[in-house]
>>> print(open('run.tsv').read())   # TSV, N, CA and C atoms
chain	number	residue	atom	x	y	z
Q	1	MET	N	18.62	20.79	-56.59
Q	1	MET	CA	19.39	20.01	-55.65
Q	1	MET	C	19.75	18.69	-56.31
Q	2	GLY	N	21.00	18.36	-56.13
Q	2	GLY	CA	21.45	17.13	-56.73
Q	2	GLY	C	21.19	15.95	-55.81
Q	3	ARG	N	21.41	14.81	-56.38
Q	3	ARG	CA	21.17	13.58	-55.64
Q	3	ARG	C	22.09	13.48	-54.43
Q	4	MET	N	23.33	13.89	-54.58
Q	4	MET	CA	24.31	13.83	-53.49
Q	4	MET	C	23.92	14.77	-52.35
Q	5	GLU	N	23.44	15.94	-52.69
Q	5	GLU	CA	23.01	16.89	-51.66
Q	5	GLU	C	21.78	16.37	-50.92
Q	6	LEU	N	20.88	15.73	-51.67
Q	6	LEU	CA	19.68	15.18	-51.06
Q	6	LEU	C	20.03	14.06	-50.08
Q	7	LEU	N	20.99	13.21	-50.44
Q	7	LEU	CA	21.44	12.14	-49.54
Q	7	LEU	C	22.12	12.72	-48.30
Q	8	THR	N	22.88	13.78	-48.48
Q	8	THR	CA	23.55	14.43	-47.35
Q	8	THR	C	22.53	15.02	-46.38
Q	9	VAL	N	21.51	15.68	-46.93
Q	9	VAL	CA	20.46	16.26	-46.09
Q	9	VAL	C	19.70	15.15	-45.36
Q	10	ALA	N	19.39	14.05	-46.06
Q	10	ALA	CA	18.68	12.93	-45.44
Q	10	ALA	C	19.53	12.31	-44.34
Q	11	ALA	N	20.82	12.14	-44.58
Q	11	ALA	CA	21.72	11.58	-43.58
Q	11	ALA	C	21.79	12.49	-42.36
Q	12	CYS	N	21.86	13.79	-42.58
Q	12	CYS	CA	21.91	14.74	-41.46
Q	12	CYS	C	20.61	14.69	-40.65
Q	13	LEU	N	19.48	14.62	-41.36
Q	13	LEU	CA	18.20	14.52	-40.65
Q	13	LEU	C	18.11	13.21	-39.86
Q	14	GLY	N	18.58	12.12	-40.45
Q	14	GLY	CA	18.59	10.84	-39.75
Q	14	GLY	C	19.48	10.88	-38.51
Q	15	LEU	N	20.65	11.49	-38.66
Q	15	LEU	CA	21.58	11.62	-37.54
Q	15	LEU	C	20.98	12.51	-36.45
Q	16	LEU	N	20.31	13.58	-36.84
Q	16	LEU	CA	19.66	14.46	-35.88
Q	16	LEU	C	18.55	13.73	-35.14
Q	17	LEU	N	17.75	12.93	-35.84
Q	17	LEU	CA	16.69	12.15	-35.22
Q	17	LEU	C	17.26	11.12	-34.25
Q	18	LEU	N	18.34	10.46	-34.67
Q	18	LEU	CA	19.00	9.47	-33.82
Q	18	LEU	C	19.54	10.11	-32.54
Q	19	CYS	N	20.16	11.26	-32.65
Q	19	CYS	CA	20.68	11.97	-31.45
Q	19	CYS	C	19.54	12.39	-30.52
Q	20	ALA	N	18.42	12.84	-31.12
Q	20	ALA	CA	17.28	13.25	-30.30
Q	20	ALA	C	16.71	12.06	-29.54
Q	21	GLU	N	16.62	10.90	-30.21
Q	21	GLU	CA	16.12	9.69	-29.55
Q	21	GLU	C	17.06	9.25	-28.43
Q	22	ALA	N	18.37	9.33	-28.67
Q	22	ALA	CA	19.34	8.94	-27.64
Q	22	ALA	C	19.23	9.86	-26.43
Q	23	ALA	N	19.08	11.15	-26.68
Q	23	ALA	CA	18.94	12.10	-25.57
Q	23	ALA	C	17.65	11.83	-24.80
Q	24	SER	N	16.57	11.53	-25.52
Q	24	SER	CA	15.30	11.23	-24.88
Q	24	SER	C	15.41	9.97	-24.03
Q	25	TYR	N	16.09	8.96	-24.55
Q	25	TYR	CA	16.28	7.71	-23.81
Q	25	TYR	C	17.06	7.95	-22.53
Q	26	ARG	N	18.14	8.74	-22.62
Q	26	ARG	CA	18.94	9.03	-21.42
Q	26	ARG	C	18.12	9.79	-20.39
Q	27	LEU	N	17.28	10.71	-20.85
Q	27	LEU	CA	16.44	11.48	-19.94
Q	27	LEU	C	15.43	10.58	-19.25
Q	28	GLN	N	14.80	9.67	-20.01
Q	28	GLN	CA	13.84	8.75	-19.41
Q	28	GLN	C	14.51	7.82	-18.41
Q	29	LYS	N	15.70	7.36	-18.75
Q	29	LYS	CA	16.43	6.47	-17.84
Q	29	LYS	C	16.77	7.20	-16.55
Q	30	ARG	N	17.22	8.44	-16.67
Q	30	ARG	CA	17.57	9.22	-15.48
Q	30	ARG	C	16.33	9.48	-14.63
Q	31	GLU	N	15.20	9.78	-15.27
Q	31	GLU	CA	13.96	10.01	-14.53
Q	31	GLU	C	13.51	8.74	-13.82
Q	32	ALA	N	13.68	7.60	-14.47
Q	32	ALA	CA	13.31	6.33	-13.85
Q	32	ALA	C	14.19	6.07	-12.63
Q	33	GLN	N	15.48	6.36	-12.74
Q	33	GLN	CA	16.37	6.17	-11.60
Q	33	GLN	C	16.02	7.14	-10.49
Q	34	ASP	N	15.68	8.37	-10.86
Q	34	ASP	CA	15.30	9.36	-9.85
Q	34	ASP	C	14.04	8.93	-9.12
Q	35	SER	N	13.05	8.42	-9.84
Q	35	SER	CA	11.81	8.00	-9.19
Q	35	SER	C	12.04	6.78	-8.30
Q	36	PHE	N	12.94	5.87	-8.72
Q	36	PHE	CA	13.26	4.71	-7.89
Q	36	PHE	C	13.95	5.16	-6.61
Q	37	SER	N	14.88	6.11	-6.74
Q	37	SER	CA	15.57	6.58	-5.53
Q	37	SER	C	14.61	7.34	-4.62
Q	38	GLN	N	13.61	8.01	-5.20
Q	38	GLN	CA	12.60	8.68	-4.37
Q	38	GLN	C	11.78	7.66	-3.60
Q	39	VAL	N	11.42	6.56	-4.26
Q	39	VAL	CA	10.66	5.50	-3.58
Q	39	VAL	C	11.50	4.91	-2.46
Q	40	GLN	N	12.79	4.71	-2.73
Q	40	GLN	CA	13.68	4.19	-1.69
Q	40	GLN	C	13.76	5.14	-0.51
Q	41	GLU	N	13.85	6.42	-0.78
Q	41	GLU	CA	13.94	7.40	0.30
Q	41	GLU	C	12.66	7.43	1.14
Q	42	VAL	N	11.51	7.34	0.48
Q	42	VAL	CA	10.23	7.34	1.21
Q	42	VAL	C	10.14	6.09	2.08
Q	43	ALA	N	10.50	4.94	1.51
Q	43	ALA	CA	10.46	3.69	2.28
Q	43	ALA	C	11.42	3.76	3.46
Q	44	LYS	N	12.60	4.30	3.24
Q	44	LYS	CA	13.59	4.42	4.31
Q	44	LYS	C	13.08	5.35	5.40
Q	45	SER	N	12.43	6.42	5.00
Q	45	SER	CA	11.89	7.38	5.97
Q	45	SER	C	10.81	6.73	6.83
Q	46	TYR	N	9.89	5.99	6.18
Q	46	TYR	CA	8.85	5.29	6.94
Q	46	TYR	C	9.45	4.27	7.90
Q	47	TRP	N	10.46	3.53	7.43
Q	47	TRP	CA	11.10	2.52	8.27
Q	47	TRP	C	11.75	3.18	9.49
Q	48	GLU	N	12.43	4.30	9.28
Q	48	GLU	CA	13.09	4.98	10.40
Q	48	GLU	C	12.07	5.50	11.40
Q	49	ARG	N	10.94	6.03	10.90
Q	49	ARG	CA	9.91	6.51	11.82
Q	49	ARG	C	9.29	5.36	12.60
Q	50	LEU	N	9.03	4.24	11.93
Q	50	LEU	CA	8.47	3.07	12.60
Q	50	LEU	C	9.44	2.54	13.64
Q	51	ASN	N	10.71	2.50	13.29
Q	51	ASN	CA	11.74	2.01	14.20
Q	51	ASN	C	11.84	2.91	15.44
Q	52	SER	N	11.82	4.21	15.23
Q	52	SER	CA	11.93	5.12	16.38
Q	52	SER	C	10.67	5.04	17.26
Q	53	ALA	N	9.50	4.86	16.64
Q	53	ALA	CA	8.27	4.72	17.44
Q	53	ALA	C	8.32	3.44	18.27
Q	54	ALA	N	8.77	2.34	17.66
Q	54	ALA	CA	8.87	1.08	18.40
Q	54	ALA	C	9.88	1.20	19.54
Q	55	GLN	N	10.98	1.86	19.28
Q	55	GLN	CA	11.99	2.05	20.32
Q	55	GLN	C	11.42	2.89	21.46
Q	56	GLY	N	10.64	3.90	21.13
Q	56	GLY	CA	9.99	4.72	22.16
Q	56	GLY	C	9.03	3.90	23.00
Q	57	TRP	N	8.26	3.02	22.36
Q	57	TRP	CA	7.34	2.15	23.11
Q	57	TRP	C	8.12	1.23	24.04
Q	58	LEU	N	9.21	0.65	23.54
Q	58	LEU	CA	10.01	-0.23	24.39
Q	58	LEU	C	10.59	0.52	25.57
Q	59	ASP	N	11.06	1.72	25.34
Q	59	ASP	CA	11.60	2.52	26.44
Q	59	ASP	C	10.52	2.84	27.48
Q	60	SER	N	9.32	3.15	27.01
Q	60	SER	CA	8.24	3.46	27.97
Q	60	SER	C	7.82	2.21	28.74
Q	61	ILE	N	7.84	1.06	28.08
Q	61	ILE	CA	7.50	-0.19	28.78
Q	61	ILE	C	8.55	-0.49	29.84
Q	62	LYS	N	9.81	-0.29	29.51
Q	62	LYS	CA	10.87	-0.56	30.48
Q	62	LYS	C	10.78	0.39	31.66
Q	63	SER	N	10.39	1.63	31.40
Q	63	SER	CA	10.31	2.60	32.51
Q	63	SER	C	9.16	2.28	33.44
Q	64	VAL	N	8.12	1.66	32.98
Q	64	VAL	CA	6.97	1.33	33.82
Q	64	VAL	C	7.26	0.12	34.69
Q	65	GLY	N	8.14	-0.76	34.27
Q	65	GLY	CA	8.46	-1.94	35.03
Q	65	GLY	C	7.72	-3.17	34.53
Q	66	VAL	N	7.19	-3.10	33.35
Q	66	VAL	CA	6.45	-4.22	32.78
Q	66	VAL	C	7.40	-5.39	32.53
Q	67	GLU	N	8.63	-5.08	32.17
Q	67	GLU	CA	9.60	-6.14	31.89
Q	67	GLU	C	9.79	-7.04	33.11
Q	68	LYS	N	9.88	-6.46	34.30
Q	68	LYS	CA	10.06	-7.25	35.52
Q	68	LYS	C	8.82	-8.09	35.80
Q	69	LYS	N	7.65	-7.51	35.56
Q	69	LYS	CA	6.40	-8.25	35.79
Q	69	LYS	C	6.30	-9.44	34.85
Q	70	ILE	N	6.66	-9.23	33.59
Q	70	ILE	CA	6.61	-10.32	32.62
Q	70	ILE	C	7.60	-11.42	33.00
Q	71	LYS	N	8.77	-11.02	33.47
Q	71	LYS	CA	9.77	-12.00	33.88
Q	71	LYS	C	9.27	-12.82	35.07
Q	72	ASP	N	8.63	-12.15	36.03
Q	72	ASP	CA	8.08	-12.86	37.19
Q	72	ASP	C	6.99	-13.85	36.77
Q	73	ILE	N	6.09	-13.42	35.89
Q	73	ILE	CA	5.02	-14.30	35.42
Q	73	ILE	C	5.61	-15.50	34.70
Q	74	TYR	N	6.63	-15.27	33.87
Q	74	TYR	CA	7.28	-16.37	33.14
Q	74	TYR	C	7.90	-17.37	34.11
Q	75	GLU	N	8.61	-16.87	35.13
Q	75	GLU	CA	9.26	-17.77	36.08
Q	75	GLU	C	8.24	-18.59	36.88
Q	76	LYS	N	7.15	-17.95	37.31
Q	76	LYS	CA	6.11	-18.68	38.05
Q	76	LYS	C	5.42	-19.72	37.18
Q	77	THR	N	5.17	-19.36	35.91
Q	77	THR	CA	4.54	-20.30	34.99
Q	77	THR	C	5.43	-21.49	34.73
Q	78	MET	N	6.70	-21.25	34.52
Q	78	MET	CA	7.63	-22.34	34.25
Q	78	MET	C	7.80	-23.23	35.49
Q	79	LEU	N	7.78	-22.64	36.67
Q	79	LEU	CA	7.87	-23.42	37.90
Q	79	LEU	C	6.65	-24.33	38.05
Q	80	ALA	N	5.46	-23.78	37.83
Q	80	ALA	CA	4.23	-24.58	37.94
Q	80	ALA	C	4.19	-25.63	36.83
Q	81	ALA	N	4.54	-25.25	35.63
Q	81	ALA	CA	4.53	-26.20	34.51
Q	81	ALA	C	5.55	-27.31	34.75
Q	82	GLY	N	6.69	-26.96	35.30
Q	82	GLY	CA	7.70	-27.98	35.61
Q	82	GLY	C	7.20	-28.99	36.61
Q	83	THR	N	6.48	-28.53	37.63
Q	83	THR	CA	5.91	-29.44	38.62
Q	83	THR	C	4.90	-30.38	37.98
Q	84	TYR	N	3.99	-29.82	37.20
Q	84	TYR	CA	2.98	-30.65	36.54
Q	84	TYR	C	3.60	-31.59	35.52
Q	85	MET	N	4.63	-31.17	34.82
Q	85	MET	CA	5.30	-32.05	33.86
Q	85	MET	C	5.99	-33.20	34.59
Q	86	GLY	N	6.54	-32.92	35.77
Q	86	GLY	CA	7.15	-33.98	36.57
Q	86	GLY	C	6.13	-35.01	37.00
Q	87	VAL	N	4.98	-34.54	37.47
Q	87	VAL	CA	3.91	-35.45	37.88
Q	87	VAL	C	3.42	-36.26	36.68
Q	88	ALA	N	3.20	-35.60	35.54
Q	88	ALA	CA	2.70	-36.28	34.35
Q	88	ALA	C	3.71	-37.31	33.83
Q	89	SER	N	4.99	-36.98	33.85
Q	89	SER	CA	5.98	-37.94	33.37
Q	89	SER	C	6.08	-39.14	34.31
Q	90	ASP	N	5.92	-38.90	35.62
Q	90	ASP	CA	5.92	-40.00	36.58
Q	90	ASP	C	4.71	-40.92	36.35
Q	91	GLN	N	3.55	-40.32	36.13
Q	91	GLN	CA	2.34	-41.11	35.85
Q	91	GLN	C	2.51	-41.91	34.56
Q	92	PHE	N	3.06	-41.29	33.55
Q	92	PHE	CA	3.27	-41.98	32.27
Q	92	PHE	C	4.26	-43.14	32.44
Q	93	TYR	N	5.32	-42.92	33.21
Q	93	TYR	CA	6.32	-43.96	33.43
Q	93	TYR	C	5.67	-45.18	34.10
Q	94	HIS	N	4.88	-44.92	35.14
Q	94	HIS	CA	4.24	-46.03	35.86
Q	94	HIS	C	3.18	-46.72	35.00
Q	95	TRP	N	2.50	-45.97	34.15
Q	95	TRP	CA	1.52	-46.57	33.27
Q	95	TRP	C	2.21	-47.44	32.22
Q	96	TRP	N	3.33	-46.96	31.70
Q	96	TRP	CA	4.05	-47.67	30.63
Q	96	TRP	C	4.75	-48.91	31.19
Q	97	ARG	N	5.44	-48.75	32.29
Q	97	ARG	CA	6.22	-49.86	32.86
Q	97	ARG	C	5.35	-50.81	33.68
Q	98	GLY	N	4.31	-50.28	34.22
Q	98	GLY	CA	3.43	-51.11	35.07
Q	98	GLY	C	4.05	-51.30	36.46
Q	99	GLU	N	3.39	-52.09	37.25
Q	99	GLU	CA	3.88	-52.37	38.60
Q	99	GLU	C	4.79	-53.59	38.50
Q	100	GLN	N	6.00	-53.43	38.84
Q	100	GLN	CA	6.95	-54.57	38.77
Q	100	GLN	C	7.37	-55.02	40.11
>>> encode(input="run.tsv", output="structure tokens")
Amino acid sequence: MGRMELLTVAACLGLLLLCAEAASYRLQKREAQDSFSQVQEVAKSYWERLNSAAQGWLDSIKSVGVEKKIKDIYEKTMLAAGTYMGVASDQFYHWWRGEQ
């Protein structure tokens, strides 16, 4: 084998190795993208299940009438708190200004 043939064989082997590495890199990149998309799909699936469960709980709460009870409690609390805040602000005003 001559020197020229040996260089040609070496160049072909180098080119073959380079192509194999490029193919391996593309395969690894594709697998990484596939695994990322799988993680995204799993997360999306969990989120959708959690969302539907929460929506089911809200629907069951609304059907029981808890929403109306909570609204009534809030209104009564705000009414009582408003009365006490009025009394407290009046007391503070008279304490601050004094008797004139």
>>> atom_distance(input="run.tsv", atom1="atom CA of Q:Ser35", atom2="atom CA of Q:Leu17")
26.8 Å
>>> atom_distance(input="run.tsv", atom1="atom N of Q:Lys44", atom2="atom CA of Q:Ile61")
26.4 Å
>>> atom_distance(input="run.tsv", atom1="atom N of Q:Lys71", atom2="atom C of Q:Asp59")
15.2 Å
>>> decode(input="run.tsv", residues="stretch 5-19 of chain Q", atoms="all heavy atoms", output="PDB file, in the first residue's frame")
ATOM      1  N   GLU Q   5      -2.626   5.854  -0.741  1.00  0.00           N
ATOM      2  CA  GLU Q   5      -3.736   4.960  -0.413  1.00  0.00           C
ATOM      3  C   GLU Q   5      -3.972   4.930   1.100  1.00  0.00           C
ATOM      4  O   GLU Q   5      -5.110   4.873   1.561  1.00  0.00           O
ATOM      5  CB  GLU Q   5      -3.452   3.556  -0.937  1.00  0.00           C
ATOM      6  CG  GLU Q   5      -3.461   3.464  -2.441  1.00  0.00           C
ATOM      7  CD  GLU Q   5      -2.983   2.118  -2.925  1.00  0.00           C
ATOM      8  OE1 GLU Q   5      -2.433   1.337  -2.130  1.00  0.00           O
ATOM      9  OE2 GLU Q   5      -3.168   1.858  -4.120  1.00  0.00           O
ATOM     10  N   LEU Q   6      -2.885   4.962   1.853  1.00  0.00           N
ATOM     11  CA  LEU Q   6      -2.996   4.954   3.303  1.00  0.00           C
ATOM     12  C   LEU Q   6      -3.683   6.226   3.805  1.00  0.00           C
ATOM     13  O   LEU Q   6      -4.536   6.185   4.696  1.00  0.00           O
ATOM     14  CB  LEU Q   6      -1.596   4.824   3.919  1.00  0.00           C
ATOM     15  CG  LEU Q   6      -1.540   4.482   5.396  1.00  0.00           C
ATOM     16  CD1 LEU Q   6      -2.295   3.204   5.696  1.00  0.00           C
ATOM     17  CD2 LEU Q   6      -0.106   4.363   5.851  1.00  0.00           C
ATOM     18  N   LEU Q   7      -3.352   7.374   3.215  1.00  0.00           N
ATOM     19  CA  LEU Q   7      -4.004   8.638   3.581  1.00  0.00           C
ATOM     20  C   LEU Q   7      -5.479   8.617   3.206  1.00  0.00           C
ATOM     21  O   LEU Q   7      -6.327   9.117   3.945  1.00  0.00           O
ATOM     22  CB  LEU Q   7      -3.308   9.809   2.898  1.00  0.00           C
ATOM     23  CG  LEU Q   7      -1.960  10.216   3.493  1.00  0.00           C
ATOM     24  CD1 LEU Q   7      -1.321  11.304   2.643  1.00  0.00           C
ATOM     25  CD2 LEU Q   7      -2.126  10.689   4.910  1.00  0.00           C
ATOM     26  N   THR Q   8      -5.800   8.028   2.067  1.00  0.00           N
ATOM     27  CA  THR Q   8      -7.192   7.938   1.626  1.00  0.00           C
ATOM     28  C   THR Q   8      -7.999   7.069   2.594  1.00  0.00           C
ATOM     29  O   THR Q   8      -9.115   7.411   2.985  1.00  0.00           O
ATOM     30  CB  THR Q   8      -7.272   7.372   0.202  1.00  0.00           C
ATOM     31  OG1 THR Q   8      -6.469   8.154  -0.653  1.00  0.00           O
ATOM     32  CG2 THR Q   8      -8.696   7.356  -0.302  1.00  0.00           C
ATOM     33  N   VAL Q   9      -7.418   5.935   2.994  1.00  0.00           N
ATOM     34  CA  VAL Q   9      -8.099   5.045   3.936  1.00  0.00           C
ATOM     35  C   VAL Q   9      -8.280   5.754   5.282  1.00  0.00           C
ATOM     36  O   VAL Q   9      -9.343   5.688   5.904  1.00  0.00           O
ATOM     37  CB  VAL Q   9      -7.315   3.720   4.094  1.00  0.00           C
ATOM     38  CG1 VAL Q   9      -7.857   2.896   5.252  1.00  0.00           C
ATOM     39  CG2 VAL Q   9      -7.363   2.910   2.815  1.00  0.00           C
ATOM     40  N   ALA Q  10      -7.253   6.463   5.749  1.00  0.00           N
ATOM     41  CA  ALA Q  10      -7.338   7.186   7.016  1.00  0.00           C
ATOM     42  C   ALA Q  10      -8.394   8.280   6.938  1.00  0.00           C
ATOM     43  O   ALA Q  10      -9.165   8.490   7.884  1.00  0.00           O
ATOM     44  CB  ALA Q  10      -5.971   7.765   7.389  1.00  0.00           C
ATOM     45  N   ALA Q  11      -8.446   9.007   5.825  1.00  0.00           N
ATOM     46  CA  ALA Q  11      -9.449  10.048   5.647  1.00  0.00           C
ATOM     47  C   ALA Q  11     -10.844   9.458   5.632  1.00  0.00           C
ATOM     48  O   ALA Q  11     -11.783  10.013   6.224  1.00  0.00           O
ATOM     49  CB  ALA Q  11      -9.177  10.831   4.366  1.00  0.00           C
ATOM     50  N   CYS Q  12     -11.018   8.326   4.973  1.00  0.00           N
ATOM     51  CA  CYS Q  12     -12.337   7.670   4.935  1.00  0.00           C
ATOM     52  C   CYS Q  12     -12.750   7.206   6.332  1.00  0.00           C
ATOM     53  O   CYS Q  12     -13.912   7.350   6.724  1.00  0.00           O
ATOM     54  CB  CYS Q  12     -12.308   6.492   3.973  1.00  0.00           C
ATOM     55  SG  CYS Q  12     -12.284   6.993   2.248  1.00  0.00           S
ATOM     56  N   LEU Q  13     -11.794   6.643   7.077  1.00  0.00           N
ATOM     57  CA  LEU Q  13     -12.110   6.217   8.441  1.00  0.00           C
ATOM     58  C   LEU Q  13     -12.459   7.421   9.325  1.00  0.00           C
ATOM     59  O   LEU Q  13     -13.386   7.356  10.139  1.00  0.00           O
ATOM     60  CB  LEU Q  13     -10.934   5.439   9.037  1.00  0.00           C
ATOM     61  CG  LEU Q  13     -10.730   4.020   8.515  1.00  0.00           C
ATOM     62  CD1 LEU Q  13      -9.461   3.423   9.125  1.00  0.00           C
ATOM     63  CD2 LEU Q  13     -11.927   3.154   8.833  1.00  0.00           C
ATOM     64  N   GLY Q  14     -11.725   8.512   9.164  1.00  0.00           N
ATOM     65  CA  GLY Q  14     -12.021   9.730   9.920  1.00  0.00           C
ATOM     66  C   GLY Q  14     -13.399  10.281   9.582  1.00  0.00           C
ATOM     67  O   GLY Q  14     -14.168  10.691  10.465  1.00  0.00           O
ATOM     68  N   LEU Q  15     -13.722  10.284   8.292  1.00  0.00           N
ATOM     69  CA  LEU Q  15     -15.032  10.754   7.841  1.00  0.00           C
ATOM     70  C   LEU Q  15     -16.140   9.849   8.368  1.00  0.00           C
ATOM     71  O   LEU Q  15     -17.189  10.324   8.807  1.00  0.00           O
ATOM     72  CB  LEU Q  15     -15.062  10.821   6.310  1.00  0.00           C
ATOM     73  CG  LEU Q  15     -16.317  11.407   5.682  1.00  0.00           C
ATOM     74  CD1 LEU Q  15     -16.523  12.845   6.149  1.00  0.00           C
ATOM     75  CD2 LEU Q  15     -16.234  11.342   4.172  1.00  0.00           C
ATOM     76  N   LEU Q  16     -15.903   8.546   8.366  1.00  0.00           N
ATOM     77  CA  LEU Q  16     -16.878   7.593   8.887  1.00  0.00           C
ATOM     78  C   LEU Q  16     -17.093   7.803  10.383  1.00  0.00           C
ATOM     79  O   LEU Q  16     -18.231   7.795  10.868  1.00  0.00           O
ATOM     80  CB  LEU Q  16     -16.396   6.161   8.615  1.00  0.00           C
ATOM     81  CG  LEU Q  16     -17.318   5.032   9.058  1.00  0.00           C
ATOM     82  CD1 LEU Q  16     -18.628   5.097   8.271  1.00  0.00           C
ATOM     83  CD2 LEU Q  16     -16.652   3.698   8.855  1.00  0.00           C
ATOM     84  N   LEU Q  17     -16.013   8.035  11.137  1.00  0.00           N
ATOM     85  CA  LEU Q  17     -16.118   8.295  12.568  1.00  0.00           C
ATOM     86  C   LEU Q  17     -16.866   9.589  12.838  1.00  0.00           C
ATOM     87  O   LEU Q  17     -17.719   9.664  13.733  1.00  0.00           O
ATOM     88  CB  LEU Q  17     -14.713   8.350  13.185  1.00  0.00           C
ATOM     89  CG  LEU Q  17     -14.632   8.558  14.682  1.00  0.00           C
ATOM     90  CD1 LEU Q  17     -15.282   7.383  15.413  1.00  0.00           C
ATOM     91  CD2 LEU Q  17     -13.195   8.727  15.113  1.00  0.00           C
ATOM     92  N   LEU Q  18     -16.567  10.623  12.047  1.00  0.00           N
ATOM     93  CA  LEU Q  18     -17.247  11.910  12.192  1.00  0.00           C
ATOM     94  C   LEU Q  18     -18.741  11.776  11.918  1.00  0.00           C
ATOM     95  O   LEU Q  18     -19.569  12.318  12.657  1.00  0.00           O
ATOM     96  CB  LEU Q  18     -16.622  12.939  11.247  1.00  0.00           C
ATOM     97  CG  LEU Q  18     -17.152  14.367  11.343  1.00  0.00           C
ATOM     98  CD1 LEU Q  18     -16.858  14.946  12.713  1.00  0.00           C
ATOM     99  CD2 LEU Q  18     -16.542  15.233  10.263  1.00  0.00           C
ATOM    100  N   CYS Q  19     -19.119  11.051  10.891  1.00  0.00           N
ATOM    101  CA  CYS Q  19     -20.550  10.840  10.579  1.00  0.00           C
ATOM    102  C   CYS Q  19     -21.249  10.056  11.687  1.00  0.00           C
ATOM    103  O   CYS Q  19     -22.396  10.346  12.036  1.00  0.00           O
ATOM    104  CB  CYS Q  19     -20.691  10.107   9.252  1.00  0.00           C
ATOM    105  SG  CYS Q  19     -20.251  11.118   7.828  1.00  0.00           S
TER     106      CYS Q  19
END
